[in-house]
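Printed here is coords_14.txt (compact mmCIF, C-alpha atoms and all ligand atoms):
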# COMPACT_ATOMS: atom_id res chain seq x y z
CA MET A 1 28.83 -8.91 -8.37
CA SER A 2 26.80 -9.00 -5.18
CA VAL A 3 26.80 -5.95 -2.95
CA THR A 4 27.50 -6.50 0.75
CA GLN A 5 26.25 -4.65 3.79
CA GLN A 6 29.88 -3.88 4.70
CA GLN A 7 30.39 -2.08 1.38
CA VAL A 8 27.38 0.09 2.15
CA LEU A 9 28.61 0.84 5.68
CA ASP A 10 32.06 1.68 4.28
CA VAL A 11 30.69 4.38 1.99
CA LEU A 12 28.39 5.68 4.72
CA GLY A 13 31.50 6.12 6.88
CA LYS A 14 32.56 8.84 4.46
CA VAL A 15 29.25 10.74 4.51
CA LYS A 16 29.11 13.34 7.28
CA SER A 17 26.20 14.50 9.46
CA PRO A 18 25.45 18.27 9.63
CA ASP A 19 27.76 18.29 12.69
CA GLY A 20 30.58 16.66 10.73
CA VAL A 21 30.23 13.22 12.36
CA ALA A 22 30.49 10.16 10.09
CA LEU A 23 26.99 8.85 9.43
CA ILE A 24 27.76 5.42 10.82
CA HIS A 25 28.69 7.01 14.15
CA ALA A 26 25.85 9.54 14.29
CA ASN A 27 23.37 7.10 15.84
CA VAL A 28 20.72 7.80 13.21
CA LEU A 29 20.84 4.77 10.92
CA SER A 30 18.27 2.00 10.87
CA SER A 31 19.54 -1.45 10.04
CA VAL A 32 20.80 -1.56 6.47
CA THR A 33 19.10 -4.10 4.24
CA VAL A 34 20.92 -5.26 1.14
CA ASN A 35 19.10 -7.60 -1.19
CA ASP A 36 20.21 -8.50 -4.67
CA GLY A 37 21.70 -5.08 -5.45
CA LYS A 38 18.89 -3.20 -3.71
CA VAL A 39 19.75 -1.21 -0.63
CA PHE A 40 17.21 0.00 1.92
CA PHE A 41 17.64 1.93 5.13
CA SER A 42 16.40 5.00 6.88
CA ILE A 43 18.07 7.94 8.59
CA ASN A 44 16.03 8.74 11.67
CA VAL A 45 16.42 12.25 13.02
CA ASP A 46 14.65 14.69 15.27
CA ALA A 47 12.02 16.61 13.30
CA ALA A 48 13.53 19.91 14.45
CA GLU A 49 16.75 19.05 12.58
CA ALA A 50 15.17 17.45 9.54
CA ARG A 51 15.83 20.26 7.11
CA ALA A 52 19.57 20.17 7.76
CA TRP A 53 19.62 16.43 7.11
CA GLU A 54 18.07 16.42 3.65
CA SER A 55 21.38 17.09 1.92
CA VAL A 56 22.98 14.33 4.03
CA ARG A 57 20.29 11.90 2.87
CA ALA A 58 20.94 12.92 -0.74
CA ALA A 59 24.70 12.49 -0.29
CA ALA A 60 24.20 9.08 1.32
CA GLU A 61 21.97 7.98 -1.52
CA ALA A 62 24.43 9.18 -4.16
CA ALA A 63 27.28 7.38 -2.39
CA VAL A 64 25.33 4.13 -2.14
CA ARG A 65 24.17 4.33 -5.78
CA ALA A 66 27.79 4.71 -6.85
CA ILE A 67 28.71 1.30 -5.40
CA PRO A 68 29.14 -1.07 -8.36
CA GLY A 69 26.26 -3.53 -8.46
CA VAL A 70 23.71 -1.33 -6.65
CA THR A 71 20.55 -1.11 -8.77
CA THR A 72 18.19 0.59 -6.31
CA ALA A 73 18.84 2.68 -3.23
CA MET A 74 15.78 3.48 -1.11
CA ILE A 75 17.03 5.80 1.58
CA ALA A 76 14.41 7.52 3.66
CA LEU A 77 14.83 10.47 5.95
CA THR A 78 12.34 10.01 8.75
CA ALA A 79 11.65 12.59 11.38
CA GLU A 80 10.26 11.86 14.78
CA ARG A 81 9.52 14.67 17.14
CA LYS A 82 11.25 13.91 20.41
CA PRO A 83 9.16 14.49 23.52
CA GLY A 84 9.57 18.08 24.61
CA SER A 85 11.13 19.33 21.39
CA PRO A 86 9.45 22.23 19.60
CA ALA A 87 7.12 21.63 16.69
CA ALA A 88 8.96 21.64 13.40
CA ALA A 89 7.45 22.41 10.07
CA PRO A 90 8.28 19.66 7.59
CA PRO A 91 10.65 20.80 4.86
CA ALA A 92 8.93 21.97 1.72
CA ALA A 93 10.53 19.10 -0.15
CA SER A 94 8.43 16.54 1.69
CA HIS A 95 5.39 17.50 -0.34
CA ARG A 96 7.18 17.48 -3.63
CA HIS A 97 9.07 14.26 -3.83
CA SER A 98 9.40 11.02 -2.11
CA HIS A 99 12.84 11.50 -0.66
CA GLY A 100 11.74 14.25 1.64
CA VAL A 101 10.96 13.84 5.28
CA GLN A 102 7.80 11.95 5.99
CA PRO A 103 6.71 13.15 9.39
CA VAL A 104 5.55 10.25 11.51
CA SER A 105 2.18 10.51 13.12
CA ALA A 106 2.82 7.77 15.63
CA HIS A 107 3.22 10.15 18.54
CA ARG A 108 0.75 12.83 17.70
CA PRO A 109 -2.84 13.01 16.65
CA PRO A 110 -3.46 13.34 12.92
CA GLN A 111 -4.44 16.73 11.59
CA SER A 112 -7.95 17.05 10.26
CA PRO A 113 -7.39 18.71 6.91
CA ALA A 114 -10.35 20.26 5.18
CA SER A 115 -10.00 17.94 2.23
CA PRO A 116 -8.38 14.51 2.06
CA MET A 117 -6.13 15.76 -0.72
CA SER A 118 -4.87 18.86 1.02
CA LYS A 119 -1.91 17.26 2.76
CA GLN A 120 -0.34 15.48 -0.16
CA SER A 121 -0.09 16.43 -3.77
CA GLU A 122 -1.79 14.14 -6.21
CA ILE A 123 0.31 11.82 -8.32
CA PRO A 124 0.79 13.09 -11.86
CA GLY A 125 -1.00 10.88 -14.37
CA ILE A 126 -3.23 9.14 -11.81
CA ALA A 127 -6.82 10.36 -11.61
CA ALA A 128 -7.81 8.58 -8.39
CA VAL A 129 -5.95 6.60 -5.75
CA ILE A 130 -8.21 4.37 -3.65
CA ALA A 131 -7.39 2.17 -0.66
CA VAL A 132 -8.65 -1.33 -0.01
CA ALA A 133 -8.46 -1.87 3.72
CA SER A 134 -9.54 -4.24 6.43
CA GLY A 135 -9.63 -4.04 10.19
CA LYS A 136 -7.68 -7.30 10.47
CA GLY A 137 -5.76 -9.78 8.37
CA GLY A 138 -7.06 -12.87 6.63
CA VAL A 139 -10.44 -11.48 5.54
CA GLY A 140 -9.54 -11.61 1.84
CA LYS A 141 -8.47 -7.98 1.46
CA SER A 142 -5.71 -8.66 -1.09
CA THR A 143 -7.82 -11.11 -3.08
CA THR A 144 -10.58 -8.50 -3.23
CA ALA A 145 -8.18 -5.67 -4.09
CA LEU A 146 -6.79 -7.57 -7.09
CA ASN A 147 -10.18 -8.77 -8.36
CA LEU A 148 -11.68 -5.32 -7.84
CA ALA A 149 -8.80 -3.86 -9.89
CA LEU A 150 -9.62 -6.40 -12.61
CA GLY A 151 -13.32 -5.56 -12.37
CA LEU A 152 -12.46 -1.89 -12.93
CA ARG A 153 -10.27 -2.93 -15.87
CA ASP A 154 -13.24 -4.77 -17.39
CA LEU A 155 -15.21 -1.53 -17.19
CA GLY A 156 -12.69 0.00 -19.56
CA LEU A 157 -10.60 1.89 -17.03
CA ARG A 158 -6.81 2.07 -16.93
CA VAL A 159 -5.93 0.52 -13.60
CA GLY A 160 -2.87 -0.02 -11.41
CA LEU A 161 -2.42 -2.05 -8.25
CA LEU A 162 0.00 -1.09 -5.50
CA ASP A 163 0.57 -3.72 -2.85
CA ALA A 164 1.22 -1.58 0.22
CA ASP A 165 0.73 -4.53 2.57
CA ILE A 166 4.35 -4.20 3.40
CA TYR A 167 4.21 -6.57 6.37
CA GLY A 168 2.93 -9.44 4.22
CA PRO A 169 2.94 -8.60 0.53
CA SER A 170 0.74 -11.22 -1.11
CA VAL A 171 0.41 -9.71 -4.59
CA PRO A 172 3.39 -11.72 -5.94
CA ARG A 173 1.53 -14.92 -4.97
CA LEU A 174 -1.89 -13.72 -6.14
CA THR A 175 -0.55 -12.63 -9.53
CA GLY A 176 2.19 -15.20 -10.01
CA ILE A 177 4.67 -12.36 -10.67
CA HIS A 178 8.20 -13.22 -9.61
CA GLU A 179 10.24 -10.89 -11.78
CA LYS A 180 11.94 -7.72 -10.56
CA PRO A 181 10.92 -4.32 -11.88
CA GLN A 182 13.43 -2.60 -14.18
CA LEU A 183 14.45 1.05 -13.94
CA ASP A 184 13.64 3.53 -16.68
CA ASP A 185 15.95 6.33 -17.90
CA ASN A 186 14.80 8.55 -15.05
CA ARG A 187 15.63 5.79 -12.56
CA LYS A 188 11.97 5.22 -11.85
CA MET A 189 10.82 1.66 -11.34
CA ILE A 190 8.68 0.32 -14.15
CA PRO A 191 5.63 -1.50 -12.78
CA ILE A 192 5.06 -5.05 -13.98
CA GLN A 193 2.28 -5.27 -16.56
CA ARG A 194 0.06 -8.32 -16.03
CA PHE A 195 -3.62 -8.92 -16.74
CA GLY A 196 -3.75 -5.42 -18.26
CA LEU A 197 -2.85 -3.88 -14.88
CA ALA A 198 0.26 -1.94 -13.84
CA ILE A 199 1.37 -3.77 -10.70
CA MET A 200 3.91 -2.91 -8.02
CA SER A 201 4.67 -4.69 -4.76
CA ILE A 202 7.47 -4.43 -2.27
CA GLY A 203 7.38 -8.22 -2.54
CA PHE A 204 8.96 -7.84 -6.01
CA LEU A 205 11.99 -6.25 -4.35
CA VAL A 206 12.56 -7.95 -1.01
CA GLU A 207 11.71 -11.22 0.66
CA GLU A 208 8.58 -11.22 2.78
CA GLU A 209 10.62 -11.68 5.96
CA THR A 210 12.72 -8.58 5.21
CA ALA A 211 9.64 -6.41 4.90
CA MET A 212 8.27 -7.77 8.18
CA ILE A 213 11.06 -6.26 10.27
CA TRP A 214 10.75 -2.74 8.95
CA ARG A 215 9.99 -0.01 11.41
CA GLY A 216 6.99 2.25 10.95
CA PRO A 217 8.81 5.21 9.36
CA MET A 218 10.55 2.95 6.86
CA VAL A 219 7.23 1.42 5.88
CA MET A 220 5.83 4.84 5.10
CA SER A 221 8.91 5.86 3.12
CA ALA A 222 8.91 2.67 1.10
CA ILE A 223 5.25 3.10 0.23
CA THR A 224 5.69 6.77 -0.66
CA GLN A 225 8.55 5.78 -2.91
CA MET A 226 6.47 3.06 -4.55
CA LEU A 227 3.74 5.62 -5.16
CA ARG A 228 5.90 8.41 -6.49
CA ASP A 229 9.09 6.80 -7.81
CA VAL A 230 7.27 4.31 -10.01
CA ALA A 231 6.55 5.12 -13.64
CA TRP A 232 2.82 4.37 -13.39
CA GLY A 233 1.97 6.08 -16.67
CA THR A 234 -1.59 7.33 -17.09
CA LEU A 235 -4.12 5.62 -14.86
CA ASP A 236 -7.77 6.21 -14.09
CA VAL A 237 -7.55 4.36 -10.79
CA LEU A 238 -4.68 3.11 -8.65
CA VAL A 239 -5.90 0.52 -6.15
CA VAL A 240 -3.76 0.42 -3.00
CA ASP A 241 -3.86 -2.84 -1.04
CA MET A 242 -3.31 -1.48 2.48
CA PRO A 243 -1.65 -3.33 5.36
CA PRO A 244 -4.40 -4.91 7.50
CA GLY A 245 -5.44 -3.27 10.74
CA THR A 246 -5.88 0.22 12.06
CA GLY A 247 -2.61 0.87 13.87
CA ASP A 248 -0.21 3.77 13.54
CA ALA A 249 1.31 2.58 10.26
CA GLN A 250 -2.12 2.36 8.63
CA LEU A 251 -3.20 5.71 10.01
CA THR A 252 -0.01 7.35 8.74
CA LEU A 253 -0.59 5.81 5.34
CA ALA A 254 -4.21 6.92 5.18
CA GLN A 255 -3.03 10.38 6.12
CA ASN A 256 -0.11 10.64 3.72
CA VAL A 257 -1.31 8.90 0.59
CA PRO A 258 -3.51 11.16 -1.55
CA LEU A 259 -6.58 8.93 -1.28
CA ARG A 260 -9.84 9.65 -3.08
CA GLY A 261 -11.63 7.03 -1.08
CA ALA A 262 -11.44 3.71 0.73
CA VAL A 263 -13.15 0.35 0.36
CA ILE A 264 -13.42 -1.70 3.55
CA ILE A 265 -13.43 -5.48 3.40
CA SER A 266 -15.10 -7.41 6.16
CA THR A 267 -16.27 -10.96 6.77
CA PRO A 268 -19.68 -11.47 8.34
CA GLN A 269 -18.38 -12.52 11.73
CA ASP A 270 -19.05 -9.99 14.39
CA LEU A 271 -15.42 -9.65 15.38
CA SER A 272 -14.43 -8.68 11.90
CA LEU A 273 -17.25 -6.14 11.78
CA ILE A 274 -15.96 -4.53 14.93
CA ASP A 275 -12.59 -4.33 13.23
CA ALA A 276 -14.24 -2.92 10.11
CA ARG A 277 -15.84 -0.22 12.25
CA ARG A 278 -12.36 0.73 13.45
CA GLY A 279 -11.32 0.98 9.81
CA LEU A 280 -14.22 3.31 9.09
CA ALA A 281 -13.32 5.44 12.09
CA MET A 282 -9.70 5.64 10.92
CA PHE A 283 -10.59 6.96 7.46
CA LYS A 284 -13.11 9.36 8.96
CA LYS A 285 -10.40 10.74 11.22
CA VAL A 286 -8.25 11.64 8.21
CA ASN A 287 -11.20 12.78 6.09
CA VAL A 288 -10.93 10.07 3.45
CA PRO A 289 -14.40 9.18 2.16
CA VAL A 290 -15.40 5.56 2.61
CA LEU A 291 -16.66 4.35 -0.79
CA GLY A 292 -18.30 1.38 0.86
CA ILE A 293 -18.08 -1.96 2.61
CA VAL A 294 -17.68 -5.33 0.89
CA GLU A 295 -18.74 -8.49 2.69
CA ASN A 296 -16.27 -11.20 1.75
CA MET A 297 -16.76 -14.90 2.47
CA SER A 298 -20.35 -13.79 2.87
CA TYR A 299 -21.96 -17.19 2.36
CA PHE A 300 -20.74 -20.63 1.42
CA GLN A 301 -21.55 -21.84 -2.03
CA CYS A 302 -21.16 -25.57 -2.52
CA PRO A 303 -18.92 -26.10 -5.56
CA GLU A 304 -20.75 -29.39 -6.31
CA CYS A 305 -24.42 -28.46 -6.11
CA GLY A 306 -24.34 -24.64 -5.92
CA THR A 307 -26.40 -24.67 -2.68
CA ARG A 308 -25.87 -21.61 -0.58
CA SER A 309 -25.32 -21.81 3.21
CA ASP A 310 -25.05 -18.76 5.42
CA ILE A 311 -22.51 -20.35 7.72
CA PHE A 312 -21.41 -17.11 9.33
CA GLY A 313 -24.87 -15.61 9.65
CA HIS A 314 -24.38 -13.50 6.54
CA GLY A 315 -25.69 -9.96 6.03
CA GLY A 316 -23.99 -8.26 8.97
CA ALA A 317 -21.89 -5.97 6.79
CA ARG A 318 -24.93 -4.76 4.82
CA LEU A 319 -26.76 -3.90 8.05
CA GLU A 320 -23.66 -2.27 9.48
CA ALA A 321 -23.21 -0.21 6.32
CA GLU A 322 -26.83 0.96 6.49
CA ARG A 323 -26.48 1.81 10.15
CA LEU A 324 -23.34 3.83 9.50
CA GLY A 325 -24.69 5.46 6.38
CA VAL A 326 -21.94 4.19 4.05
CA PRO A 327 -22.63 2.40 0.75
CA PHE A 328 -22.81 -1.39 0.75
CA LEU A 329 -20.87 -2.56 -2.28
CA GLY A 330 -21.64 -6.26 -2.43
CA GLU A 331 -21.29 -9.78 -1.11
CA ILE A 332 -18.65 -12.21 -2.28
CA PRO A 333 -19.23 -15.90 -1.49
CA LEU A 334 -16.72 -18.17 0.15
CA HIS A 335 -15.91 -20.33 -2.81
CA MET A 336 -13.26 -22.88 -3.69
CA SER A 337 -12.57 -21.36 -7.09
CA ILE A 338 -11.87 -17.91 -5.58
CA ARG A 339 -9.38 -19.48 -3.19
CA ALA A 340 -7.81 -21.77 -5.77
CA THR A 341 -7.45 -19.11 -8.46
CA SER A 342 -6.08 -16.52 -6.08
CA ASP A 343 -3.56 -18.93 -4.62
CA SER A 344 -2.38 -20.07 -8.05
CA GLY A 345 -1.76 -16.57 -9.41
CA THR A 346 -4.71 -16.65 -11.81
CA PRO A 347 -7.28 -14.28 -10.27
CA VAL A 348 -10.86 -15.35 -10.84
CA VAL A 349 -12.01 -12.23 -12.73
CA ASP A 350 -9.28 -12.88 -15.29
CA SER A 351 -9.32 -16.68 -15.44
CA GLU A 352 -13.11 -17.15 -15.28
CA PRO A 353 -14.37 -13.91 -16.86
CA ASP A 354 -17.81 -15.33 -17.67
CA GLY A 355 -18.31 -16.95 -14.27
CA PRO A 356 -20.56 -15.72 -11.46
CA HIS A 357 -17.70 -14.42 -9.32
CA ALA A 358 -16.27 -12.19 -12.02
CA SER A 359 -19.65 -10.51 -12.40
CA ILE A 360 -19.86 -9.87 -8.64
CA TYR A 361 -16.45 -8.15 -8.65
CA ARG A 362 -17.40 -6.17 -11.75
CA ALA A 363 -20.62 -5.02 -10.06
CA ILE A 364 -18.61 -3.88 -7.04
CA GLY A 365 -16.19 -2.17 -9.43
CA ALA A 366 -19.10 -0.36 -11.10
CA LYS A 367 -20.27 1.04 -7.75
CA VAL A 368 -16.74 2.24 -7.01
CA ARG A 369 -16.35 3.69 -10.50
CA ASP A 370 -19.65 5.57 -10.21
CA GLN A 371 -18.41 7.31 -7.08
CA LEU A 372 -15.15 8.30 -8.78
CA GLN A 373 -16.74 9.25 -12.07
CA GLY A 374 -16.33 13.00 -11.62
CA VAL A 375 -12.63 12.73 -10.78
CA ILE A 376 -11.90 10.30 -13.59
CA ALA A 377 -13.80 12.39 -16.13
CA ALA A 378 -12.05 15.57 -14.98
CA ALA A 379 -8.65 13.94 -15.44
P1 LIG B 1 -5.88 -10.73 3.46
O1 LIG B 1 -5.29 -9.86 2.41
O2 LIG B 1 -7.08 -10.12 4.11
O3 LIG B 1 -4.90 -11.25 4.47
P2 LIG B 1 -6.09 -12.76 1.37
O4 LIG B 1 -6.69 -12.04 0.22
O5 LIG B 1 -4.62 -13.06 1.33
O6 LIG B 1 -6.47 -12.02 2.74
O7 LIG B 1 -6.95 -14.07 1.59
C1 LIG B 1 -6.70 -15.00 2.62
C2 LIG B 1 -7.04 -16.40 2.11
O8 LIG B 1 -8.44 -16.47 1.87
C3 LIG B 1 -6.38 -16.72 0.78
O9 LIG B 1 -6.01 -18.08 0.79
C4 LIG B 1 -7.47 -16.47 -0.26
O10 LIG B 1 -7.32 -17.28 -1.39
C5 LIG B 1 -8.71 -16.84 0.53
N1 LIG B 1 -9.92 -16.12 0.11
C6 LIG B 1 -10.10 -14.77 0.06
N2 LIG B 1 -11.37 -14.49 -0.34
C7 LIG B 1 -11.99 -15.68 -0.55
C8 LIG B 1 -13.31 -16.07 -0.97
N3 LIG B 1 -14.25 -15.17 -1.22
N4 LIG B 1 -13.56 -17.40 -1.08
C9 LIG B 1 -12.62 -18.34 -0.80
N5 LIG B 1 -11.38 -18.04 -0.39
C10 LIG B 1 -11.06 -16.72 -0.26
Would it be possible to restate this file's structure as structure tokens?
Amino acid sequence: MSVTQQQVLDVLGKVKSPDGVALIHANVLSSVTVNDGKVFFSINVDAAEARAWESVRAAAEAAVRAIPGVTTAMIALTAERKPGSPAAAPPAASHRHSHGVQPVSAHRPPQSPASPMSKQSEIPGIAAVIAVASGKGGVGKSTTALNLALGLRDLGLRVGLLDADIYGPSVPRLTGIHEKPQLDDNRKMIPIQRFGLAIMSIGFLVEEETAMIWRGPMVMSAITQMLRDVAWGTLDVLVVDMPPGTGDAQLTLAQNVPLRGAVIISTPQDLSLIDARRGLAMFKKVNVPVLGIVENMSYFQCPECGTRSDIFGHGGARLEAERLGVPFLGEIPLHMSIRATSDSGTPVVDSEPDGPHASIYRAIGAKVRDQLQGVIAAA
């Protein structure tokens, strides 16, 4: 039986705001997305009133879950401070579980916590969460994130991949995964196991176009839920494929996800390096250590004769890394087999494990692993 948006609105008509107004008339609902039994929406309230709304969010979620045919209900309470309203402390719950208020940083400068982990509790069972980020799209961030995850796997680590590129989730295409995650007894989503990785993407749940229209606060809530309401099991490293760019959504993510470090992907072109610099500045702002820069599409390697051409004037990222005092992790060539394998769902580290590209990704993985060694060993 397929669930309709009207059914969801009908039950929300019976849930009351703290002032006793039916939720559908309280002017707080985002658009309600219903997709194959999965329901997503957010309740957007003033931060000063957030605490009073938590029980309403819980009641709304319970009511939606009770609709026959609903398999997942992702209902986020998002709090935006209205101009002129007093500062509100986030409810204690926001640090404990994913359904709490996720304060939105869009209209205020991020705090500078003493440690990157101080603002968000770590995720039980996961030793280190790292971000793979880029200053702009199309530089091969997702391809690198997946192959880096596989490189870490080859080093004997237990690895997960979270596709947080909510505006354009490409992990379903890169991995060839088209199944939907199941729920476990605790109603947590079970990540898909493929290539020895635990993998989760919003693209497993909704169509790409649906994700594209989400507002900033919903993006954050969905990602928080994918981090904390997924049964990841025990992992040494969870690689998070970030949305490209350095806008508010990315900054909020970098601030709210308990990151141990970030890897920045850049191409050699100057423009991309400028963007990469913005990425570095963003992580610095929120005190997340940059584990290093990777130069992707660094040089062209002819698939026929193996000749190397530096078509983009390669080496810029290495120089930039030296100048900025961050580690340079490696150069990945622009190569047909990387493109072909990533676009056919058979990532090169897995499908050509003895090839030259796999060893490049493994070497990058080793440099990342070395920097996380202490955390992994401690866990
Ligand atoms: P992003 O996540 O930055 O948007 P993707 O990882 O989706 O980028 O890559 C964009 C396109 O570039 C894809 O078609 C991918 O296969 C290709 N690509 C990425 N890295 C390489 C590479 N080193 N050599 C050849 N093609 C690549």
For this session: May I have the residues within 6 Å of ligand LIG 1 (chain B), computed using all atoms listed in the file, as a VMD selection string?
Result: chain A and resid 137 to 143 296 to 297 332 to 336 338 to 339 342 to 343
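Distances to Gln371 in chain A were evaluated for A:Leu155, A:Ala340, A:Ala128, A:Met74 using only C-alpha atoms, and the minimum falls at A:Ala128.
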For this session: For Asn186 in chain A, work out the shell of residues within 12 Å, counting all atoms listed in the file and skipping chain neighbours fewer than 4 positions away, then give it as a PyMOL selection string.
Result: chain A and resi 182+190+229-231
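Take the candidates A:Leu251, A:Val263, A:Leu9, A:Leu273 and check each one against Ala22 in chain A using all atoms listed in the file; the shortest distance goes to A:Leu9.
CA of Ala198 in chain A is positioned 4.4 Å from CA of Gly160 in chain A.
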Counting all atoms listed in the file, what are the residues of range 188-282 of chain A within 12 Å of range 317-327 of chain A, and for each of them which pair of atoms is the nearest and at what distance in Å, to one decimal? Sort the table by chain and rising number, as JSON lines.
{"residue": "A:Gly261", "atom": "CA", "partner": "A:Val326", "partner_atom": "CA", "distance": 11.9}
{"residue": "A:Ala262", "atom": "CA", "partner": "A:Val326", "partner_atom": "CA", "distance": 11.0}
{"residue": "A:Val263", "atom": "CA", "partner": "A:Pro327", "partner_atom": "CA", "distance": 9.7}
{"residue": "A:Ile264", "atom": "CA", "partner": "A:Ala317", "partner_atom": "CA", "distance": 10.0}
{"residue": "A:Ile265", "atom": "CA", "partner": "A:Ala317", "partner_atom": "CA", "distance": 9.1}
{"residue": "A:Ser266", "atom": "CA", "partner": "A:Ala317", "partner_atom": "CA", "distance": 7.0}
{"residue": "A:Thr267", "atom": "CA", "partner": "A:Ala317", "partner_atom": "CA", "distance": 7.5}
{"residue": "A:Pro268", "atom": "CA", "partner": "A:Ala317", "partner_atom": "CA", "distance": 6.1}
{"residue": "A:Gln269", "atom": "CA", "partner": "A:Ala317", "partner_atom": "CA", "distance": 8.9}
{"residue": "A:Asp270", "atom": "CA", "partner": "A:Ala317", "partner_atom": "CA", "distance": 9.1}
{"residue": "A:Leu271", "atom": "CA", "partner": "A:Ala317", "partner_atom": "CA", "distance": 11.4}
{"residue": "A:Ser272", "atom": "CA", "partner": "A:Ala317", "partner_atom": "CA", "distance": 9.4}
{"residue": "A:Leu273", "atom": "CA", "partner": "A:Ala317", "partner_atom": "CA", "distance": 6.8}
{"residue": "A:Ile274", "atom": "CA", "partner": "A:Glu320", "partner_atom": "CA", "distance": 9.7}
{"residue": "A:Asp275", "atom": "CA", "partner": "A:Ala317", "partner_atom": "CA", "distance": 11.4}
{"residue": "A:Ala276", "atom": "CA", "partner": "A:Ala317", "partner_atom": "CA", "distance": 8.9}
{"residue": "A:Arg277", "atom": "CA", "partner": "A:Glu320", "partner_atom": "CA", "distance": 8.5}
{"residue": "A:Leu280", "atom": "CA", "partner": "A:Leu324", "partner_atom": "CA", "distance": 9.1}
{"residue": "A:Ala281", "atom": "CA", "partner": "A:Leu324", "partner_atom": "CA", "distance": 10.5}
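Put simply, CA of Ala366 in chain A is 13.9 Å away from CA of Glu331 in chain A.
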Problem set entry | Shortest interatomic distance to Gln373 in chain A - which of A:Val257, A:Val15, A:Val45, A:Val237, counting only C-alpha atoms | A:Val237
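Here CA of Gly233 in chain A and CA of Gly196 in chain A stand 12.9 Å from one another.
The closest residue to Gln193 in chain A, picked from A:Glu61, A:Glu179, A:Asp236, A:Glu122 and counting only C-alpha atoms, is A:Glu179.
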Seminar exercise, completed: Counting all atoms listed in the file, closest pick from A:Ser221, A:Thr234, A:Ser170, A:Gln7 relative to Gly203 in chain A is A:Ser170
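Among A:Ala62, A:Leu148, A:Ala254, A:Val219, the residue with the shortest atom-to-atom distance to Gly168 in chain A, counting only C-alpha atoms, is A:Val219.
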Problem set entry | Protein, DNA and RNA residues within 12 Å of (-17.6, 4.0, -11.3), all atoms listed in the file, as a ChimeraX atom specification | /A:128,148-149,151-157,236-237,291,329,362-377
The centre and edge lengths of an axis-aligned box containing all atoms of range 362-376 of chain A present in the file, extended by 3 Å on each side, are to be given in Å to one decimal, as lines of an AutoDock Vina configuration file.
center_x = -16.3
center_y = 3.4
center_z = -10.3
size_x = 14.7
size_y = 25.2
size_z = 12.6
For this session: Show which residues sit within 10 Å of Thr71 in chain A, as a ChimeraX atom specification. Count all atoms listed in the file, and ignore same-chain residues fewer than 6 positions away.
Result: /A:3,36-39,64-65,182-183,187
